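> I am sharing data07.pdb, which consists of PDB, C-alpha atoms:
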ATOM      1  CA  MET U  60       2.629   7.552 -14.768
ATOM      2  CA  THR U  61       4.409   8.302 -11.511
ATOM      3  CA  LYS U  62       2.359  11.473 -10.934
ATOM      4  CA  TRP U  63      -0.811   9.547 -11.798
ATOM      5  CA  LEU U  64      -0.035   6.878  -9.195
ATOM      6  CA  VAL U  65       0.621   9.405  -6.447
ATOM      7  CA  ALA U  66      -2.560  11.316  -7.265
ATOM      8  CA  ALA U  67      -4.614   8.118  -7.387
ATOM      9  CA  VAL U  68      -3.344   6.831  -4.045
ATOM     10  CA  ILE U  69      -3.759  10.197  -2.318
ATOM     11  CA  GLY U  70      -7.251  10.548  -3.762
ATOM     12  CA  LEU U  71      -8.292   7.107  -2.625
ATOM     13  CA  LEU U  72      -6.874   7.596   0.848
ATOM     14  CA  ALA U  73      -8.488  11.012   1.214
ATOM     15  CA  ALA U  74     -11.843   9.633   0.131
ATOM     16  CA  GLY U  75     -11.508   6.582   2.351
ATOM     17  CA  ALA U  76     -12.109   4.377  -0.680
ATOM     18  CA  LEU U  77     -10.629   0.924  -0.815
ATOM     19  CA  GLY U  78     -11.172   0.339  -4.534
ATOM     20  CA  ALA U  79     -12.558  -2.722  -6.245
ATOM     21  CA  VAL U  80      -9.739  -4.949  -5.001
ATOM     22  CA  LYS U  81     -10.389  -6.884  -1.778
ATOM     23  CA  GLN U  82      -8.489  -4.958   0.862
ATOM     24  CA  PRO U  83      -7.510  -5.105   4.491
ATOM     25  CA  LYS U  84      -8.991  -2.560   6.856
ATOM     26  CA  ALA U  85      -7.215   0.798   6.635
ATOM     27  CA  LYS U  86      -5.418   0.375   9.983
ATOM     28  CA  GLN U  87      -3.955  -2.931   8.798
ATOM     29  CA  PHE U  88      -1.872  -1.148   6.151
ATOM     30  CA  VAL U  89       0.250   0.301   8.967
ATOM     31  CA  ALA U  90       0.783  -3.167  10.446
ATOM     32  CA  ILE U  91       1.543  -4.661   7.026
ATOM     33  CA  ASP U  92       4.148  -2.015   6.226
ATOM     34  CA  ARG U  93       5.744  -2.321   9.668
ATOM     35  CA  CYS U  94       5.962  -6.090   9.182
ATOM     36  CA  LEU U  95       7.521  -5.803   5.728
ATOM     37  CA  ARG U  96      10.035  -3.131   6.819
ATOM     38  CA  SER U  97      11.176  -5.430   9.639
ATOM     39  CA  GLY U  98      11.938  -8.207   7.123
ATOM     40  CA  GLY U  99       8.818 -10.213   7.894
ATOM     41  CA  ALA U 100       6.097 -11.580   5.638
ATOM     42  CA  TRP U 101       2.466 -10.582   6.068
ATOM     43  CA  ASP U 102       0.199 -13.634   6.412
ATOM     44  CA  LEU U 103      -2.850 -12.808   4.263
ATOM     45  CA  ARG U 104      -4.988 -15.505   5.870
ATOM     46  CA  GLU U 105      -4.159 -14.900   9.532
ATOM     47  CA  HIS U 106      -3.625 -11.138   9.178
ATOM     48  CA  ARG U 107      -0.385 -11.183  11.130
ATOM     49  CA  CYS U 108       3.349 -10.826  10.642
ATOM     50  CA  GLN U 109       5.400 -13.990  10.337
ATOM     51  CA  ASP U 110       8.958 -14.903   9.443
ATOM     52  CA  ALA U 111       9.791 -14.599   5.755
ATOM     53  CA  LEU U 112      10.916 -18.092   4.794
ATOM     54  CA  PRO U 113      14.016 -18.139   2.607
ATOM     55  CA  GLY U 114      13.974 -19.104  -1.066
ATOM     56  CA  PRO U 115      14.538 -20.503  -3.531
ATOM     57  CA  ILE U 116      11.105 -21.074  -4.954
ATOM     58  CA  ASP U 117      10.290 -23.107  -8.053
ATOM     59  CA  ARG U 118       6.747 -22.054  -9.021
ATOM     60  CA  ILE U 119       4.675 -18.882  -8.989
ATOM     61  CA  LEU U 120       0.889 -18.812  -9.270
ATOM     62  CA  VAL U 121      -0.930 -15.526  -9.940
ATOM     63  CA  ASP U 122      -4.683 -15.393  -9.386
ATOM     64  CA  LYS U 123      -5.756 -12.188 -11.113
ATOM     65  CA  SER U 124      -9.374 -12.266  -9.912
ATOM     66  CA  ASP U 125      -8.237 -12.526  -6.279
ATOM     67  CA  HIS U 126      -5.289 -10.100  -6.718
ATOM     68  CA  ARG U 127      -3.017 -12.662  -5.100
ATOM     69  CA  MET U 128       0.343 -14.172  -5.988
ATOM     70  CA  MET U 129       1.555 -17.371  -4.344
ATOM     71  CA  VAL U 130       5.061 -18.843  -4.484
ATOM     72  CA  PHE U 131       5.902 -22.510  -3.941
ATOM     73  CA  ARG U 132       8.858 -24.800  -3.338
ATOM     74  CA  ASP U 133       8.398 -28.513  -4.047
ATOM     75  CA  GLY U 134       4.624 -28.040  -4.023
ATOM     76  CA  THR U 135       4.582 -26.295  -0.643
ATOM     77  CA  LEU U 136       3.234 -22.758  -0.365
ATOM     78  CA  ILE U 137       6.071 -20.539   0.887
ATOM     79  CA  ARG U 138       4.542 -17.073   0.730
ATOM     80  CA  GLU U 139       1.549 -15.092  -0.564
ATOM     81  CA  PHE U 140       1.418 -11.521  -1.837
ATOM     82  CA  ARG U 141      -1.400  -9.055  -2.378
ATOM     83  CA  ILE U 142      -0.776  -7.536  -5.827
ATOM     84  CA  ALA U 143      -1.791  -4.678  -8.097
ATOM     85  CA  LEU U 144      -2.338  -5.440 -11.777
ATOM     86  CA  GLY U 145      -2.725  -3.583 -15.051
ATOM     87  CA  ARG U 146      -5.156  -0.705 -15.510
ATOM     88  CA  GLY U 147      -6.717  -2.438 -18.530
ATOM     89  CA  GLY U 148      -8.918  -4.780 -16.487
ATOM     90  CA  LEU U 149      -8.809  -8.498 -15.750
ATOM     91  CA  ALA U 150      -9.189  -9.812 -19.305
ATOM     92  CA  PRO U 151      -6.046 -11.472 -20.716
ATOM     93  CA  LYS U 152      -3.460  -9.360 -22.507
ATOM     94  CA  GLN U 153      -3.817  -9.519 -26.272
ATOM     95  CA  ARG U 154      -2.018  -6.543 -27.728
ATOM     96  CA  GLN U 155       0.531  -3.883 -26.991
ATOM     97  CA  GLY U 156      -0.933  -0.989 -25.046
ATOM     98  CA  ASP U 157      -4.007  -2.748 -23.652
ATOM     99  CA  ARG U 158      -2.554  -2.460 -20.106
ATOM    100  CA  ARG U 159      -3.632  -6.002 -19.270
ATOM    101  CA  VAL U 160      -1.737  -8.836 -17.603
ATOM    102  CA  PRO U 161      -1.326 -11.924 -19.807
ATOM    103  CA  GLU U 162      -2.645 -15.346 -18.849
ATOM    104  CA  GLY U 163      -0.945 -18.678 -19.333
ATOM    105  CA  GLU U 164       2.251 -20.404 -18.289
ATOM    106  CA  TYR U 165       5.609 -18.684 -18.743
ATOM    107  CA  GLU U 166       9.083 -18.601 -17.213
ATOM    108  CA  ILE U 167      10.901 -15.858 -15.372
ATOM    109  CA  ASN U 168      13.734 -15.060 -17.785
ATOM    110  CA  PHE U 169      15.558 -11.969 -16.487
ATOM    111  CA  HIS U 170      16.357 -10.138 -13.241
ATOM    112  CA  ASN U 171      16.636  -6.347 -13.619
ATOM    113  CA  ALA U 172      18.227  -4.534 -10.688
ATOM    114  CA  ALA U 173      18.279  -1.233 -12.637
ATOM    115  CA  SER U 174      14.566  -1.087 -13.415
ATOM    116  CA  GLY U 175      12.461   2.092 -13.488
ATOM    117  CA  TYR U 176      10.647   0.377 -10.631
ATOM    118  CA  HIS U 177      12.218  -1.078  -7.516
ATOM    119  CA  ARG U 178      13.718  -4.128  -9.221
ATOM    120  CA  SER U 179      11.874  -6.393 -11.626
ATOM    121  CA  LEU U 180      11.583  -9.970 -12.813
ATOM    122  CA  ARG U 181      10.768 -10.352 -16.512
ATOM    123  CA  ILE U 182       8.000 -12.786 -17.444
ATOM    124  CA  GLY U 183       8.562 -14.679 -20.727
ATOM    125  CA  TYR U 184       5.564 -13.156 -22.511
ATOM    126  CA  PRO U 185       4.816 -13.403 -25.391
ATOM    127  CA  THR U 186       5.285 -17.034 -26.343
ATOM    128  CA  PRO U 187       5.972 -17.853 -30.008
ATOM    129  CA  SER U 188       2.339 -18.879 -30.470
ATOM    130  CA  GLN U 189       1.154 -15.562 -28.997
ATOM    131  CA  VAL U 190       3.501 -13.669 -31.332
ATOM    132  CA  GLU U 191       2.122 -15.574 -34.314
ATOM    133  CA  ALA U 192      -1.516 -15.085 -33.286
ATOM    134  CA  ALA U 193      -0.946 -11.346 -32.911
ATOM    135  CA  ARG U 194       0.878 -11.177 -36.264
ATOM    136  CA  LEU U 195      -2.027 -12.905 -38.010
ATOM    137  CA  ALA U 196      -4.448 -10.475 -36.356
ATOM    138  CA  GLY U 197      -2.332  -7.531 -37.520
ATOM    139  CA  PHE U 198      -1.012  -6.124 -34.247
ATOM    140  CA  SER U 199       1.854  -6.442 -31.775
ATOM    141  CA  PRO U 200       1.315  -8.643 -28.698
ATOM    142  CA  GLY U 201       3.423  -6.297 -26.549
ATOM    143  CA  ASN U 202       6.278  -7.422 -24.292
ATOM    144  CA  ASP U 203       8.279  -6.529 -21.176
ATOM    145  CA  ILE U 204       5.737  -7.885 -18.711
ATOM    146  CA  MET U 205       7.271  -7.854 -15.242
ATOM    147  CA  ILE U 206       6.788  -8.530 -11.587
ATOM    148  CA  HIS U 207       8.088  -5.303 -10.065
ATOM    149  CA  GLY U 208       8.145  -3.068  -7.024
ATOM    150  CA  LEU U 209       6.939   0.514  -6.813
ATOM    151  CA  PRO U 210       8.194   3.288  -9.089
ATOM    152  CA  ASN U 211      11.638   4.451  -8.006
ATOM    153  CA  GLY U 212      11.361   7.117  -5.322
ATOM    154  CA  MET U 213       7.818   6.107  -4.369
ATOM    155  CA  GLY U 214       8.454   3.264  -1.944
ATOM    156  CA  ALA U 215       6.723   5.171   0.872
ATOM    157  CA  ILE U 216       3.352   4.268  -0.660
ATOM    158  CA  GLY U 217       4.028   0.761   0.669
ATOM    159  CA  SER U 218       1.218  -1.763   0.834
ATOM    160  CA  ARG U 219      -1.393   0.861  -0.034
ATOM    161  CA  HIS U 220      -0.352   0.557  -3.676
ATOM    162  CA  VAL U 221      -2.910  -2.254  -3.987
ATOM    163  CA  LEU U 222      -5.775   0.174  -3.480
ATOM    164  CA  ARG U 223      -6.001   0.333  -7.257
ATOM    165  CA  ASN U 224      -4.734  -1.513 -10.314
ATOM    166  CA  TRP U 225      -2.141   0.918 -11.645
ATOM    167  CA  THR U 226       0.445  -0.867 -13.804
ATOM    168  CA  ASP U 227       0.675  -0.911 -17.597
ATOM    169  CA  GLY U 228       0.163  -4.705 -17.628
ATOM    170  CA  CYS U 229       2.612  -5.885 -14.983
ATOM    171  CA  ILE U 230       2.268  -7.405 -11.512
ATOM    172  CA  ALA U 231       3.269  -5.085  -8.656
ATOM    173  CA  VAL U 232       4.283  -5.759  -5.056
ATOM    174  CA  THR U 233       5.868  -3.574  -2.359
ATOM    175  CA  ASN U 234       9.586  -2.838  -2.533
ATOM    176  CA  GLN U 235      10.329  -5.068   0.457
ATOM    177  CA  GLU U 236       8.414  -7.931  -1.134
ATOM    178  CA  MET U 237      10.280  -7.330  -4.390
ATOM    179  CA  ASP U 238      13.621  -7.533  -2.550
ATOM    180  CA  TRP U 239      12.623 -10.965  -1.243
ATOM    181  CA  LEU U 240      11.383 -12.165  -4.646
ATOM    182  CA  PHE U 241      14.486 -10.885  -6.410
ATOM    183  CA  THR U 242      16.700 -13.245  -4.393
ATOM    184  CA  ALA U 243      14.205 -16.136  -4.018
ATOM    185  CA  VAL U 244      13.168 -16.516  -7.678
ATOM    186  CA  PRO U 245      15.789 -17.959 -10.043
ATOM    187  CA  ASP U 246      15.605 -17.460 -13.786
ATOM    188  CA  GLY U 247      13.680 -20.367 -15.294
ATOM    189  CA  THR U 248      11.047 -20.378 -12.538
ATOM    190  CA  VAL U 249       7.627 -21.291 -13.915
ATOM    191  CA  ILE U 250       4.889 -18.683 -13.472
ATOM    192  CA  GLU U 251       1.249 -19.476 -14.144
ATOM    193  CA  ILE U 252      -1.115 -16.522 -14.475
ATOM    194  CA  ARG U 253      -4.834 -17.211 -14.450
ATOM    195  CA  ALA U 254      -8.114 -15.322 -14.105
TER     196      ALA U 254
END
Take the structure I supplied and represent it as structure tokens, if you would.


Amino acid sequence: MTKWLVAAVIGLLAAGALGAVKQPKAKQFVAIDRCLRSGGAWDLREHRCQDALPGPIDRILVDKSDHRMMVFRDGTLIREFRIALGRGGLAPKQRQGDRRVPEGEYEINFHNAASGYHRSLRIGYPTPSQVEAARLAGFSPGNDIMIHGLPNGMGAIGSRHVLRNWTDGCIAVTNQEMDWLFTAVPDGTVIEIRA
């Protein structure tokens, strides 16, 4: 998958394509990456660098159709992230191998500093009812759905990773954004994922 991601990003950049995901103008990627490397947070609405407010946060909302993840503390929006999703399309995950991101309400239940990607936060999918529904349908619902950074050794791709949905059903952010999330999101944080 690592070789596929590199080839896909290089191909898109060479062709000047911005993919189906709503994207900033090409020159903004440089500004976004500079902002994130300096420890800032890119403001998706104002298109400028701002201070990265500290955590903790207590709720995550993922809007798959807008390719956006928002994090909140006490009902106040703290930070937004442009995200890449699974290669299987925007429909909800139903079975192992469909490369889709699930929908529903879950909890973050594990921090993995030794991930194959630059850190990860495990999402509590599947729920018992999803396991039972899949069992009755005769297939596995899949598991190990994460919020994660870029594949190890590929951090230089930076914010351009969102040019295409490339994960196997996870939610991806840049490595710098993942560093912030890793410390700001405690286990037990509620995450809602919707279309």

> Could you tell me which of U:Glu251, U:Asp246, U:Asp157, U:Glu162 comes closest to U:Asp227 if we count only C-alpha atoms?

U:Asp157

> Out of U:Glu139, U:Asp117, U:Asp133, U:Asp125, which residue has the shortest atom-to-atom distance to U:Glu105 when counting all atoms listed in the file?

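Of U:Glu139, U:Asp117, U:Asp133, U:Asp125, the one nearest U:Glu105 is U:Glu139, counting all atoms listed in the file.
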
> Decode the PyMOL selection byres ((chain U and resi 182) around 10) for the given file into explicit residues and return them as a PyMOL selection string.

chain U and resi 161+164-170+179-181+183-185+202-206+229-230+246-250

> Run the PyMOL selection byres ((chain U and resi 220) around 10) mentally over the shown coordinates, then write out the matched residues as a PDB file with C-alpha atoms, keeping the file's coordinate frame, using the chain letters and numbers from the document.


ATOM      1  CA  LEU U  64      -0.035   6.878  -9.195  1.00  0.00           C
ATOM      2  CA  VAL U  65       0.621   9.405  -6.447  1.00  0.00           C
ATOM      3  CA  ALA U  67      -4.614   8.118  -7.387  1.00  0.00           C
ATOM      4  CA  VAL U  68      -3.344   6.831  -4.045  1.00  0.00           C
ATOM      5  CA  ARG U 141      -1.400  -9.055  -2.378  1.00  0.00           C
ATOM      6  CA  ILE U 142      -0.776  -7.536  -5.827  1.00  0.00           C
ATOM      7  CA  ALA U 143      -1.791  -4.678  -8.097  1.00  0.00           C
ATOM      8  CA  GLY U 208       8.145  -3.068  -7.024  1.00  0.00           C
ATOM      9  CA  LEU U 209       6.939   0.514  -6.813  1.00  0.00           C
ATOM     10  CA  MET U 213       7.818   6.107  -4.369  1.00  0.00           C
ATOM     11  CA  GLY U 214       8.454   3.264  -1.944  1.00  0.00           C
ATOM     12  CA  ALA U 215       6.723   5.171   0.872  1.00  0.00           C
ATOM     13  CA  ILE U 216       3.352   4.268  -0.660  1.00  0.00           C
ATOM     14  CA  GLY U 217       4.028   0.761   0.669  1.00  0.00           C
ATOM     15  CA  SER U 218       1.218  -1.763   0.834  1.00  0.00           C
ATOM     16  CA  ARG U 219      -1.393   0.861  -0.034  1.00  0.00           C
ATOM     17  CA  VAL U 221      -2.910  -2.254  -3.987  1.00  0.00           C
ATOM     18  CA  LEU U 222      -5.775   0.174  -3.480  1.00  0.00           C
ATOM     19  CA  ARG U 223      -6.001   0.333  -7.257  1.00  0.00           C
ATOM     20  CA  ASN U 224      -4.734  -1.513 -10.314  1.00  0.00           C
ATOM     21  CA  TRP U 225      -2.141   0.918 -11.645  1.00  0.00           C
ATOM     22  CA  ALA U 231       3.269  -5.085  -8.656  1.00  0.00           C
ATOM     23  CA  VAL U 232       4.283  -5.759  -5.056  1.00  0.00           C
ATOM     24  CA  THR U 233       5.868  -3.574  -2.359  1.00  0.00           C
TER      25      THR U 233
END

> For U:Gly99, please output as a ChimeraX atom specification all residues within 7 Å (counting all atoms listed in the file; exclusion window: fewer than 3 positions along the same chain).

/U:94-95,108-111

> Dump C-alpha atoms for the selected residues as a PDB file, in the frame of the given file?


ATOM      1  CA  CYS U  94       5.962  -6.090   9.182  1.00  0.00           C
ATOM      2  CA  LEU U  95       7.521  -5.803   5.728  1.00  0.00           C
ATOM      3  CA  CYS U 108       3.349 -10.826  10.642  1.00  0.00           C
ATOM      4  CA  GLN U 109       5.400 -13.990  10.337  1.00  0.00           C
ATOM      5  CA  ASP U 110       8.958 -14.903   9.443  1.00  0.00           C
ATOM      6  CA  ALA U 111       9.791 -14.599   5.755  1.00  0.00           C
TER       7      ALA U 111
END

> One decimal, Å: what's the distance from atom CA of U:Phe140 over to atom CA of U:Arg127, could you say?

5.6 Å

> Considering only C-alpha atoms, return as a list in words whatever protein or nucleic-acid residues lie within 9 Å of U:Glu191, sequence-local ones (same chain, fewer than 5 positions apart) excluded.

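Residues meeting the cut-off are Thr186, Ala196 and Pro200 of chain U.
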
> If I take atom CA of U:Ala173 and atom CA of U:Gly156, how far is one from the other in Å, to one decimal?

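Between atom CA of U:Ala173 and atom CA of U:Gly156 the gap is 22.9 Å.
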
> Work out where the centre of an axis-aligned box around every listed atom of stretch 210-226 of chain U lies and how long its edges are once 5 Å is added on each side; give both in Å to one decimal as JSON.


{"center_x": 2.8, "center_y": 2.4, "center_z": -6.5, "size_x": 27.6, "size_y": 19.4, "size_z": 24.7}

> Could you jot down the atom CA of U:Ala90 to atom CA of U:Arg107 separation for me, Å, one decimal place?

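Computing it gives 8.1 Å between the two atoms.
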
> Step by step, work through what the PyMOL selection byres ((chain U and resi 175) around 7) selects in the shown file, and finish by giving those residues as a list in words.

Ala173, Ser174, Tyr176, His177, Pro210 and Asn211 of chain U

> Keeping C-alpha atoms, export the residues of the selection given above as a CSV table (one decimal), in the coordinates of the input.


chain,number,residue,atom,x,y,z
U,173,ALA,CA,18.3,-1.2,-12.6
U,174,SER,CA,14.6,-1.1,-13.4
U,176,TYR,CA,10.6,0.4,-10.6
U,177,HIS,CA,12.2,-1.1,-7.5
U,210,PRO,CA,8.2,3.3,-9.1
U,211,ASN,CA,11.6,4.5,-8.0

> Counting only C-alpha atoms, what is within 9 Å of U:Ser124, bar same-chain residues fewer than 3 positions away, as a list in words?

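Non-adjacent residues within range: Val80, Arg127, Leu149, Arg253 and Ala254 of chain U.
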
> Let me make sure I understand: among U:Asp102, U:Met128, U:Val89, U:Gly163, which one has the smallest atom-to-atom distance to U:Gln189 if we use only C-alpha atoms?

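Counting only C-alpha atoms, the residue closest to U:Gln189 is U:Gly163.
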